[in-house]
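Below is coords11.csv, holding CSV, C-alpha atoms.
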```csv
chain,number,residue,atom,x,y,z
A,1,LEU,CA,10.0,-17.2,35.9
A,2,PHE,CA,10.4,-19.2,32.7
A,3,GLU,CA,7.9,-21.0,30.5
A,4,MET,CA,8.8,-23.4,27.8
A,5,GLU,CA,6.9,-24.0,24.6
A,6,GLY,CA,7.7,-26.1,21.6
A,7,VAL,CA,6.0,-25.3,18.2
A,8,THR,CA,6.5,-26.3,14.6
A,9,VAL,CA,6.3,-22.6,13.4
A,10,LEU,CA,6.6,-19.4,15.4
A,11,ILE,CA,5.2,-16.3,13.8
A,12,VAL,CA,6.5,-13.0,15.2
A,13,GLY,CA,4.0,-10.2,14.5
A,14,ALA,CA,0.2,-10.2,14.2
A,15,GLY,CA,-0.1,-7.6,11.5
A,16,PRO,CA,-1.7,-8.6,8.1
A,17,ALA,CA,1.4,-10.6,7.0
A,18,GLY,CA,1.5,-12.6,10.3
A,19,LEU,CA,-2.3,-13.2,10.3
A,20,ALA,CA,-2.2,-14.4,6.6
A,21,THR,CA,0.7,-16.8,7.4
A,22,ALA,CA,-1.3,-18.2,10.4
A,23,ALA,CA,-4.4,-18.7,8.2
A,24,CYS,CA,-2.4,-20.5,5.5
A,25,LEU,CA,-0.7,-22.8,8.1
A,26,SER,CA,-4.1,-23.6,9.6
A,27,GLN,CA,-5.4,-24.6,6.2
A,28,PHE,CA,-2.7,-27.4,6.1
A,29,SER,CA,-3.1,-28.2,9.8
A,30,ILE,CA,0.5,-27.1,10.6
A,31,PRO,CA,0.8,-26.2,14.3
A,32,TYR,CA,2.0,-22.7,15.0
A,33,ALA,CA,2.1,-20.0,17.6
A,34,ILE,CA,1.9,-16.3,16.9
A,35,VAL,CA,3.3,-13.6,19.2
A,36,GLU,CA,2.6,-9.9,19.1
A,37,ARG,CA,4.2,-7.2,21.3
A,38,GLU,CA,1.2,-4.9,21.2
A,39,SER,CA,-2.2,-5.5,22.9
A,40,CYS,CA,-4.1,-6.1,19.6
A,41,SER,CA,-3.6,-7.4,16.1
A,42,ALA,CA,-2.6,-4.9,13.3
A,43,SER,CA,-1.7,-2.3,15.9
A,44,LEU,CA,-0.3,0.0,13.2
A,45,TRP,CA,-3.8,0.3,11.7
A,46,CYS,CA,-5.6,0.3,15.0
A,47,ASN,CA,-3.5,2.8,16.9
A,48,ARG,CA,-1.1,4.6,14.6
A,49,ALA,CA,-3.0,5.6,11.5
A,50,TYR,CA,-4.7,8.9,10.8
A,51,ASP,CA,-8.5,9.1,10.5
A,52,ARG,CA,-8.8,9.8,6.7
A,53,LEU,CA,-6.6,6.9,5.7
A,54,LYS,CA,-7.8,4.5,3.0
A,55,LEU,CA,-6.0,1.7,1.3
A,56,HIS,CA,-4.3,3.2,-1.7
A,57,LEU,CA,-4.9,0.1,-3.9
A,58,THR,CA,-8.2,-1.3,-5.0
A,59,LYS,CA,-9.6,-4.0,-2.7
A,60,GLU,CA,-8.7,-6.9,-5.0
A,61,PHE,CA,-5.0,-6.1,-4.4
A,62,CYS,CA,-5.4,-5.9,-0.6
A,63,GLU,CA,-7.2,-9.2,0.4
A,64,LEU,CA,-5.6,-11.7,2.6
A,65,PRO,CA,-5.6,-15.4,1.6
A,66,HIS,CA,-8.8,-17.4,1.7
A,67,MET,CA,-11.1,-14.5,2.6
A,68,SER,CA,-12.6,-11.8,0.3
A,69,TYR,CA,-14.1,-8.5,1.3
A,70,PRO,CA,-17.9,-8.3,1.5
A,71,VAL,CA,-19.4,-7.8,-1.9
A,72,ASP,CA,-20.7,-4.3,-0.9
A,73,ALA,CA,-17.2,-3.1,0.3
A,74,PRO,CA,-16.0,0.1,-1.4
A,75,THR,CA,-13.3,0.0,-4.1
A,76,TYR,CA,-10.8,1.7,-1.8
A,77,ILE,CA,-11.1,0.3,1.8
A,78,PRO,CA,-11.1,2.9,4.6
A,79,LYS,CA,-9.1,2.3,7.8
A,80,THR,CA,-12.1,1.4,9.9
A,81,LEU,CA,-13.4,-1.2,7.5
A,82,PHE,CA,-9.9,-2.7,7.0
A,83,VAL,CA,-9.5,-3.1,10.8
A,84,LYS,CA,-12.9,-4.9,10.9
A,85,TYR,CA,-11.9,-7.1,8.0
A,86,LEU,CA,-8.8,-8.1,10.0
A,87,ASP,CA,-10.8,-8.8,13.1
A,88,ASP,CA,-13.2,-11.0,11.2
A,89,TYR,CA,-10.2,-12.7,9.6
A,90,VAL,CA,-8.8,-13.5,13.1
A,91,GLU,CA,-12.2,-14.9,14.2
A,92,ARG,CA,-12.8,-16.9,11.0
A,93,PHE,CA,-9.4,-18.8,11.2
A,94,ASN,CA,-9.4,-18.9,15.0
A,95,ILE,CA,-6.1,-17.2,15.2
A,96,GLN,CA,-5.1,-16.7,18.8
A,97,PRO,CA,-2.1,-14.3,19.1
A,98,LYS,CA,-0.2,-14.2,22.3
A,99,TYR,CA,-0.4,-10.4,22.9
A,100,LEU,CA,2.0,-8.3,24.9
A,101,THR,CA,4.7,-10.8,24.1
A,102,SER,CA,7.9,-9.2,22.9
A,103,VAL,CA,10.7,-11.2,21.4
A,104,GLU,CA,14.1,-10.4,22.9
A,105,SER,CA,16.4,-12.8,21.1
A,106,SER,CA,16.5,-15.6,18.6
A,107,THR,CA,19.2,-18.0,17.5
A,108,TYR,CA,19.4,-21.0,15.3
A,109,ASP,CA,20.9,-24.2,16.7
A,110,ASN,CA,22.6,-26.0,13.8
A,111,ASP,CA,23.0,-29.1,15.8
A,112,GLU,CA,19.4,-29.4,16.8
A,113,LYS,CA,18.1,-27.9,13.6
A,114,CYS,CA,15.7,-25.5,15.3
A,115,TRP,CA,15.3,-22.0,16.5
A,116,SER,CA,15.5,-20.9,20.1
A,117,ILE,CA,13.5,-17.8,20.8
A,118,VAL,CA,13.3,-15.9,24.1
A,119,ALA,CA,10.3,-13.6,24.6
A,120,LYS,CA,8.9,-11.6,27.5
A,121,ASP,CA,5.3,-11.9,28.4
A,122,MET,CA,4.6,-8.4,29.6
A,123,SER,CA,1.2,-9.2,31.0
A,124,LYS,CA,2.5,-11.8,33.4
A,125,CYS,CA,6.1,-10.5,33.8
A,126,THR,CA,7.4,-13.9,32.8
A,127,THR,CA,10.0,-15.1,30.2
A,128,VAL,CA,8.9,-17.6,27.6
A,129,LYS,CA,11.4,-19.7,25.7
A,130,PHE,CA,10.1,-21.1,22.4
A,131,THR,CA,11.7,-23.8,20.3
A,132,ALA,CA,10.6,-23.8,16.7
A,133,LYS,CA,11.5,-25.7,13.5
A,134,PHE,CA,10.6,-22.6,11.5
A,135,LEU,CA,10.6,-18.9,12.4
A,136,VAL,CA,8.5,-16.5,10.4
A,137,VAL,CA,9.4,-12.8,10.9
A,138,ALA,CA,6.2,-10.8,10.2
A,139,SER,CA,7.0,-7.8,12.4
A,140,GLY,CA,7.3,-5.5,9.4
A,141,GLU,CA,9.4,-2.5,8.8
A,142,ASN,CA,7.2,-0.1,10.8
A,143,SER,CA,8.2,-0.9,14.3
A,144,ALA,CA,10.0,2.2,15.7
A,145,GLU,CA,9.3,5.8,14.8
A,146,ASN,CA,12.1,7.5,12.8
A,147,ILE,CA,12.6,11.1,13.8
A,148,PRO,CA,15.7,12.7,12.4
A,149,MET,CA,17.4,15.3,14.5
A,150,PHE,CA,17.9,18.9,13.3
A,151,PRO,CA,20.1,21.4,15.1
A,152,GLY,CA,17.8,23.3,17.5
A,153,LEU,CA,14.8,20.9,17.3
A,154,GLU,CA,15.1,20.2,21.0
A,155,ASN,CA,14.3,23.8,21.8
A,156,PHE,CA,11.3,24.2,19.4
A,157,PRO,CA,8.5,25.5,21.6
A,158,GLY,CA,5.6,24.1,19.6
A,159,ASP,CA,4.1,20.6,19.1
A,160,VAL,CA,6.5,18.0,17.6
A,161,ILE,CA,4.8,14.7,16.7
A,162,HIS,CA,5.5,11.7,14.5
A,163,SER,CA,2.9,10.8,11.9
A,164,SER,CA,2.0,7.7,14.0
A,165,SER,CA,0.4,10.1,16.5
A,166,TYR,CA,-1.4,12.3,14.0
A,167,LYS,CA,-5.1,11.7,13.7
A,168,SER,CA,-6.7,14.8,12.2
A,169,GLY,CA,-6.0,18.4,11.2
A,170,LYS,CA,-9.0,19.7,13.2
A,171,SER,CA,-6.9,21.0,16.1
A,172,TYR,CA,-4.4,22.7,13.8
A,173,SER,CA,-6.9,25.1,12.1
A,174,GLY,CA,-5.3,28.6,11.7
A,175,LYS,CA,-1.8,27.3,12.8
A,176,ASN,CA,1.4,27.3,10.9
A,177,VAL,CA,2.3,23.6,10.5
A,178,LEU,CA,5.4,22.1,8.8
A,179,VAL,CA,5.2,18.5,7.6
A,180,ILE,CA,8.6,16.9,7.2
A,181,GLY,CA,8.6,14.0,4.7
A,182,SER,CA,6.9,13.7,1.3
A,183,GLY,CA,6.0,10.0,1.1
A,184,ASN,CA,2.4,8.9,1.1
A,185,SER,CA,1.7,9.7,4.7
A,186,GLY,CA,3.4,13.1,4.6
A,187,MET,CA,1.6,14.2,1.4
A,188,GLU,CA,-1.8,13.1,2.7
A,189,ILE,CA,-1.3,14.6,6.2
A,190,ALA,CA,-0.4,17.9,4.5
A,191,TYR,CA,-3.6,17.7,2.5
A,192,ASP,CA,-5.6,16.9,5.6
A,193,LEU,CA,-4.1,19.9,7.5
A,194,ALA,CA,-4.7,22.3,4.6
A,195,THR,CA,-8.3,21.2,4.2
A,196,HIS,CA,-8.8,21.8,8.0
A,197,GLY,CA,-7.5,25.4,7.7
A,198,ALA,CA,-3.9,25.0,8.7
A,199,ASN,CA,-1.2,27.1,7.0
A,200,THR,CA,0.7,24.1,5.7
A,201,SER,CA,4.2,23.7,4.4
A,202,ILE,CA,5.8,20.4,3.4
A,203,VAL,CA,9.5,19.5,3.1
A,204,ILE,CA,10.2,17.7,-0.1
A,205,ARG,CA,13.9,16.8,-0.2
A,206,SER,CA,14.1,13.8,-2.5
A,207,PRO,CA,12.7,13.1,-6.0
A,208,ILE,CA,9.4,11.3,-6.0
A,209,HIS,CA,7.0,9.8,-8.5
A,210,VAL,CA,3.5,11.1,-8.2
A,211,MET,CA,0.7,8.8,-9.4
A,212,THR,CA,-3.1,8.6,-9.2
A,213,LYS,CA,-4.7,5.5,-7.6
A,214,GLU,CA,-5.9,4.4,-11.0
A,215,LEU,CA,-2.4,4.7,-12.6
A,216,THR,CA,-0.9,2.6,-9.7
A,217,CYS,CA,-3.5,-0.1,-10.2
A,218,LEU,CA,-2.9,0.0,-14.0
A,219,GLY,CA,0.8,-0.4,-13.4
A,220,MET,CA,0.4,-3.4,-11.1
A,221,THR,CA,-1.9,-5.1,-13.7
A,222,LEU,CA,0.4,-4.4,-16.6
A,223,ALA,CA,3.5,-5.6,-14.7
A,224,HIS,CA,2.1,-9.1,-15.0
A,225,ARG,CA,2.1,-8.9,-18.8
A,226,LEU,CA,4.8,-6.4,-19.8
A,227,PRO,CA,8.5,-5.7,-18.9
A,228,LEU,CA,8.8,-3.2,-16.0
A,229,ASN,CA,10.8,-0.7,-18.1
A,230,LEU,CA,7.9,-0.5,-20.6
A,231,VAL,CA,5.3,-0.2,-17.8
A,232,ASP,CA,7.4,2.6,-16.3
A,233,LYS,CA,7.5,4.6,-19.5
A,234,LEU,CA,3.8,4.3,-19.9
A,235,LEU,CA,3.2,5.4,-16.3
A,236,VAL,CA,5.6,8.3,-16.4
A,237,MET,CA,4.1,9.6,-19.7
A,238,ALA,CA,0.5,9.3,-18.2
A,239,ALA,CA,1.6,11.0,-15.0
A,240,TYR,CA,3.1,13.9,-17.0
A,241,LEU,CA,-0.2,14.3,-18.9
A,242,ILE,CA,-2.2,14.4,-15.7
A,243,PHE,CA,0.1,16.5,-13.4
A,244,GLY,CA,2.3,18.4,-15.9
A,245,ASP,CA,5.8,19.5,-15.1
A,246,LEU,CA,6.0,19.6,-11.2
A,247,SER,CA,9.6,20.7,-11.0
A,248,GLN,CA,8.6,24.4,-10.8
A,249,HIS,CA,6.7,23.5,-7.7
A,250,GLY,CA,9.6,21.7,-6.0
A,251,ILE,CA,8.7,18.2,-7.0
A,252,THR,CA,11.2,16.4,-9.2
A,253,ARG,CA,11.0,12.8,-10.6
A,254,PRO,CA,13.5,10.0,-9.9
A,255,LYS,CA,15.6,8.7,-12.8
A,256,MET,CA,14.4,5.2,-12.1
A,257,GLY,CA,10.8,4.4,-13.1
A,258,PRO,CA,8.1,3.9,-10.4
A,259,MET,CA,7.7,0.1,-10.8
A,260,THR,CA,11.4,-0.5,-11.1
A,261,LEU,CA,12.1,1.8,-8.1
A,262,LYS,CA,9.6,-0.2,-6.0
A,263,SER,CA,11.1,-3.5,-7.1
A,264,GLU,CA,14.7,-2.6,-6.5
A,265,THR,CA,14.6,-0.3,-3.5
A,266,GLY,CA,11.2,-0.8,-1.9
A,267,ARG,CA,10.3,2.9,-2.3
A,268,SER,CA,6.7,3.5,-3.4
A,269,ALA,CA,5.3,6.2,-5.7
A,270,VAL,CA,3.2,8.8,-3.9
A,271,ILE,CA,-0.4,8.4,-4.7
A,272,ASP,CA,-2.0,11.8,-4.9
A,273,VAL,CA,-5.1,12.5,-2.9
A,274,GLY,CA,-5.3,16.2,-3.9
A,275,THR,CA,-2.1,17.5,-2.4
A,276,VAL,CA,-0.5,18.3,-5.7
A,277,GLY,CA,-3.4,20.5,-6.7
A,278,LEU,CA,-3.1,22.5,-3.5
A,279,ILE,CA,0.7,22.8,-4.0
A,280,LYS,CA,0.1,24.2,-7.5
A,281,LYS,CA,-2.4,26.7,-6.1
A,282,GLY,CA,0.1,27.8,-3.3
A,283,ILE,CA,-2.3,26.6,-0.6
A,284,ILE,CA,0.4,24.1,0.5
A,285,LYS,CA,3.9,25.4,0.3
A,286,ALA,CA,6.7,23.0,-0.8
A,287,GLN,CA,10.0,23.7,1.0
A,288,GLY,CA,13.5,22.3,0.6
A,289,SER,CA,15.9,20.8,3.1
A,290,ILE,CA,16.1,22.2,6.7
A,291,SER,CA,19.4,23.6,7.9
A,292,LYS,CA,18.5,24.5,11.5
A,293,ILE,CA,15.8,25.5,13.9
A,294,LYS,CA,16.0,28.4,16.3
A,295,GLY,CA,13.0,28.8,18.6
A,296,ASN,CA,9.9,28.6,16.4
A,297,ILE,CA,11.9,29.7,13.3
A,298,VAL,CA,12.9,27.1,10.8
A,299,LYS,CA,15.7,28.0,8.5
A,300,PHE,CA,15.8,26.2,5.2
A,301,GLN,CA,19.0,25.6,3.1
A,302,CYS,CA,17.9,28.1,0.6
A,303,SER,CA,18.2,30.7,3.4
A,304,LYS,CA,14.4,31.1,3.7
A,305,ARG,CA,13.1,31.5,7.3
A,306,MET,CA,9.6,30.7,8.5
A,307,SER,CA,7.9,30.4,11.9
A,308,PHE,CA,5.8,27.4,12.8
A,309,ASP,CA,3.5,26.4,15.6
A,310,ALA,CA,3.9,22.6,15.0
A,311,ILE,CA,6.0,20.1,13.2
A,312,VAL,CA,4.8,16.7,12.0
A,313,PHE,CA,7.5,14.2,11.2
A,314,ALA,CA,6.2,11.9,8.4
A,315,THR,CA,9.7,10.3,8.2
A,316,GLY,CA,8.7,6.7,8.4
A,317,TYR,CA,9.8,3.9,10.7
A,318,LYS,CA,12.8,1.7,11.5
A,319,SER,CA,12.7,-2.0,11.8
A,320,THR,CA,13.7,-3.4,15.1
A,321,THR,CA,14.1,-7.0,13.9
A,322,ASN,CA,17.9,-6.7,13.8
A,323,MET,CA,17.9,-6.1,17.6
A,324,TRP,CA,16.7,-9.6,18.3
A,325,LEU,CA,17.2,-11.8,15.1
A,326,LYS,CA,20.7,-13.3,15.1
A,327,VAL,CA,21.6,-15.3,12.0
A,328,ILE,CA,24.9,-17.1,11.9
```
File written out as structure tokens:
Amino acid sequence: LFEMEGVTVLIVGAGPAGLATAACLSQFSIPYAIVERESCSASLWCNRAYDRLKLHLTKEFCELPHMSYPVDAPTYIPKTLFVKYLDDYVERFNIQPKYLTSVESSTYDNDEKCWSIVAKDMSKCTTVKFTAKFLVVASGENSAENIPMFPGLENFPGDVIHSSSYKSGKSYSGKNVLVIGSGNSGMEIAYDLATHGANTSIVIRSPIHVMTKELTCLGMTLAHRLPLNLVDKLLVMAAYLIFGDLSQHGITRPKMGPMTLKSETGRSAVIDVGTVGLIKKGIIKAQGSISKIKGNIVKFQCSKRMSFDAIVFATGYKSTTNMWLKVI
């Protein structure tokens, strides 16, 4: 069964970016449709975020257009409050996403000067064909879980989960847990596990910048007024004064400064929530790259061997946009 629908703008994705686009279009009375493959808006925040998560930037950096947070909102917004803010945003701007609608293909017709988008309505088991003058891709980079394969992982007898399935360290108390990935999620999950009594190790393979929330906000403010290379020098100097030399604990710093790195590669600095302090104390053990897994034993490239009861992959996501977006 086919349905046809013509719109001026089609927005793919009802996360914060898609909702913000919809609100801005409605302010100018520009007709649009918004489709979302999940059953709710901002599914990453609703369904795939751990319990202790807060926004890492102060609230003024995290507002969507045309609607501020309540005056009594905390400086750093927790997950539950951010989800409520998004729900209120949807209601205020009367955004009506077509949920459970997954885009399968999109092509641009140069003759007709419009996009042709084919989507599947999973709730009705029907196919919808949209024609749109403009296509807004707001499906984000966090679509599909990225779990790298290591030799022997398939035979690991313990729990193996992606960070998107991790909620709390309560059930891991007393267990040996390995976190693979040292971005913001990996470092915070390691902290959460350790504070819940898990014997926690974290794989740190690549150089990372470690900042405080305050330093990150300072950097974003200064970046509007000073050259990035100067801001980087100030941030690196301040981070060194706060954290000291972390190389002896397995954490090295990239050659490129934190603001430039974000600007040129998209990689963010790690905002410390207390993990670095626990690494320094030896409560969280930093490990190098993995060479292989045999049973419950993980062998690292430095020849160290350790047994684990669970592995948490905080190795990010892959975008699936290239599977359906065809640009000629």
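Distances to Ser116 (chain A) were evaluated for A:His224, A:Lys167, A:Lys326, A:Lys299 using only C-alpha atoms, and the minimum falls at A:Lys326.
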Show which residues sit within 9 Å of Met187 (chain A), as a VMD selection string. Count all atoms listed in the file, and ignore same-chain residues fewer than 2 positions away.
chain A and resid 179 181 to 185 189 to 192 202 270 to 276 314
Mind checking which residues fall within 12 Å of region 42-51 of chain A, counting all atoms listed in the file, ignoring those fewer than 6 positions away in the same chain, and posting them as an mmCIF file with C-alpha atoms, in the frame of the given file?
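Saved to around-v2.cif:
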```cif
data_model
loop_
_atom_site.group_PDB
_atom_site.id
_atom_site.type_symbol
_atom_site.label_atom_id
_atom_site.label_comp_id
_atom_site.auth_asym_id
_atom_site.auth_seq_id
_atom_site.Cartn_x
_atom_site.Cartn_y
_atom_site.Cartn_z
ATOM 1 C CA GLY A 13 4.000 -10.200 14.500
ATOM 2 C CA ALA A 14 0.200 -10.200 14.200
ATOM 3 C CA GLY A 15 -0.100 -7.600 11.500
ATOM 4 C CA PRO A 16 -1.700 -8.600 8.100
ATOM 5 C CA ALA A 17 1.400 -10.600 7.000
ATOM 6 C CA GLY A 18 1.500 -12.600 10.300
ATOM 7 C CA LEU A 19 -2.300 -13.200 10.300
ATOM 8 C CA ALA A 20 -2.200 -14.400 6.600
ATOM 9 C CA GLU A 36 2.600 -9.900 19.100
ATOM 10 C CA PRO A 78 -11.100 2.900 4.600
ATOM 11 C CA LYS A 79 -9.100 2.300 7.800
ATOM 12 C CA THR A 80 -12.100 1.400 9.900
ATOM 13 C CA LEU A 81 -13.400 -1.200 7.500
ATOM 14 C CA PHE A 82 -9.900 -2.700 7.000
ATOM 15 C CA VAL A 83 -9.500 -3.100 10.800
ATOM 16 C CA LYS A 84 -12.900 -4.900 10.900
ATOM 17 C CA TYR A 85 -11.900 -7.100 8.000
ATOM 18 C CA LEU A 86 -8.800 -8.100 10.000
ATOM 19 C CA ASP A 87 -10.800 -8.800 13.100
ATOM 20 C CA TYR A 89 -10.200 -12.700 9.600
ATOM 21 C CA VAL A 90 -8.800 -13.500 13.100
ATOM 22 C CA PRO A 97 -2.100 -14.300 19.100
ATOM 23 C CA TYR A 99 -0.400 -10.400 22.900
ATOM 24 C CA LEU A 100 2.000 -8.300 24.900
ATOM 25 C CA ALA A 138 6.200 -10.800 10.200
ATOM 26 C CA SER A 139 7.000 -7.800 12.400
ATOM 27 C CA GLY A 140 7.300 -5.500 9.400
ATOM 28 C CA GLU A 141 9.400 -2.500 8.800
ATOM 29 C CA ASN A 142 7.200 -0.100 10.800
ATOM 30 C CA SER A 143 8.200 -0.900 14.300
ATOM 31 C CA ALA A 144 10.000 2.200 15.700
ATOM 32 C CA GLU A 145 9.300 5.800 14.800
ATOM 33 C CA ILE A 161 4.800 14.700 16.700
ATOM 34 C CA HIS A 162 5.500 11.700 14.500
ATOM 35 C CA SER A 163 2.900 10.800 11.900
ATOM 36 C CA SER A 164 2.000 7.700 14.000
ATOM 37 C CA SER A 165 0.400 10.100 16.500
ATOM 38 C CA TYR A 166 -1.400 12.300 14.000
ATOM 39 C CA LYS A 167 -5.100 11.700 13.700
ATOM 40 C CA SER A 168 -6.700 14.800 12.200
ATOM 41 C CA GLY A 169 -6.000 18.400 11.200
ATOM 42 C CA LYS A 170 -9.000 19.700 13.200
ATOM 43 C CA SER A 185 1.700 9.700 4.700
ATOM 44 C CA GLY A 186 3.400 13.100 4.600
ATOM 45 C CA GLU A 188 -1.800 13.100 2.700
ATOM 46 C CA ILE A 189 -1.300 14.600 6.200
ATOM 47 C CA ALA A 190 -0.400 17.900 4.500
ATOM 48 C CA ASP A 192 -5.600 16.900 5.600
ATOM 49 C CA LEU A 193 -4.100 19.900 7.500
ATOM 50 C CA ALA A 314 6.200 11.900 8.400
ATOM 51 C CA GLY A 316 8.700 6.700 8.400
ATOM 52 C CA TYR A 317 9.800 3.900 10.700
#
```
Can you tell me which residues surround Pro254 (chain A) at a distance of at most 10 Å, considering all atoms listed in the file, apart from same-chain residues fewer than 3 positions away, and format the answer as a ChimeraX atom specification?
/A:206-209,251,257-258,261,269
Using all atoms listed in the file, which residues sit within 8 Å of Val160 (chain A) once same-chain residues fewer than 3 positions away are excluded, as a short mmCIF file (atom, residue, chain, number, x, y, z; two decimals) with C-alpha atoms, in the frame of the given file?
```cif
data_model
loop_
_atom_site.label_atom_id
_atom_site.label_comp_id
_atom_site.auth_asym_id
_atom_site.auth_seq_id
_atom_site.Cartn_x
_atom_site.Cartn_y
_atom_site.Cartn_z
CA ALA A 310 3.90 22.60 15.00
CA ILE A 311 6.00 20.10 13.20
CA VAL A 312 4.80 16.70 12.00
CA PHE A 313 7.50 14.20 11.20
#
```
Find the residues with any atom within 8 Å of (3.7, 27.1, 14.7); use all atoms listed in the file and the coordinates as given in the file, and write the answer as JSON, numbers by chain.
{"A": [158, 159, 175, 176, 177, 178, 296, 307, 308, 309, 310, 311]}
Preceding selection exported with C-alpha atoms as a short mmCIF file (atom, residue, chain, number, x, y, z; two decimals), keeping the file's coordinate frame:
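The resulting file, result-v3.cif, is shown below:
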```
data_model
loop_
_atom_site.label_atom_id
_atom_site.label_comp_id
_atom_site.auth_asym_id
_atom_site.auth_seq_id
_atom_site.Cartn_x
_atom_site.Cartn_y
_atom_site.Cartn_z
CA GLY A 158 5.60 24.10 19.60
CA ASP A 159 4.10 20.60 19.10
CA LYS A 175 -1.80 27.30 12.80
CA ASN A 176 1.40 27.30 10.90
CA VAL A 177 2.30 23.60 10.50
CA LEU A 178 5.40 22.10 8.80
CA ASN A 296 9.90 28.60 16.40
CA SER A 307 7.90 30.40 11.90
CA PHE A 308 5.80 27.40 12.80
CA ASP A 309 3.50 26.40 15.60
CA ALA A 310 3.90 22.60 15.00
CA ILE A 311 6.00 20.10 13.20
#
```
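Distances here use all atoms listed in the file; by that measure, the residue among A:Leu10, A:Ser268, A:Met323, A:Asn155 closest to Lys292 (chain A) is A:Asn155.
Closest to Glu3 (chain A) among A:Val298, A:Ala132, A:Val118, A:Met306 is A:Val118, based on all atoms listed in the file.
CA of Ile283 (chain A) is positioned 18.0 Å from CA of Gly244 (chain A).
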Would you please work out which residue, of A:Arg92, A:Ile117, A:Asp232, A:Ala239, is nearest to Lys255 (chain A) when using only C-alpha atoms?
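Ranking A:Arg92, A:Ile117, A:Asp232, A:Ala239 by distance to Lys255 (chain A), first place goes to A:Asp232.
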Measuring between only C-alpha atoms, which one of A:Lys54, A:Arg205, A:Arg253, A:Lys133 shows the shortest distance to Ile290 (chain A)?
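Looking at the shortest contact to Ile290 (chain A), the residue is A:Arg205.
In this model, the gap between CA of Leu278 (chain A) and CA of Leu235 (chain A) comes to 22.3 Å.
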How would region 286-290 of chain A look with all heavy atoms restored, written as a compact mmCIF listing (two decimals), in the coordinates of the input?
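Generated output (rebuild-v2.txt):
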```
# COMPACT_ATOMS: atom_id res chain seq x y z
N ALA A 286 5.60 24.01 -0.77
CA ALA A 286 6.70 23.00 -0.80
C ALA A 286 7.99 23.73 -0.40
O ALA A 286 8.33 24.79 -0.92
CB ALA A 286 6.81 22.41 -2.17
N GLN A 287 8.72 23.11 0.54
CA GLN A 287 10.00 23.70 1.00
C GLN A 287 11.11 22.65 0.76
O GLN A 287 10.87 21.45 0.64
CB GLN A 287 9.91 23.96 2.52
CG GLN A 287 8.70 24.79 2.93
CD GLN A 287 8.73 26.21 2.41
OE1 GLN A 287 9.74 26.68 1.89
NE2 GLN A 287 7.60 26.93 2.53
N GLY A 288 12.35 23.18 0.73
CA GLY A 288 13.50 22.30 0.60
C GLY A 288 14.04 21.83 1.91
O GLY A 288 13.34 21.88 2.93
N SER A 289 15.28 21.40 1.93
CA SER A 289 15.90 20.80 3.10
C SER A 289 16.02 21.87 4.24
O SER A 289 16.20 23.07 3.98
CB SER A 289 17.24 20.23 2.81
OG SER A 289 17.10 19.16 1.89
N ILE A 290 15.97 21.39 5.47
CA ILE A 290 16.10 22.20 6.70
C ILE A 290 17.60 22.32 7.03
O ILE A 290 18.30 21.29 7.03
CB ILE A 290 15.31 21.68 7.83
CG1 ILE A 290 13.82 21.74 7.50
CG2 ILE A 290 15.60 22.43 9.13
CD1 ILE A 290 12.95 21.01 8.50
```
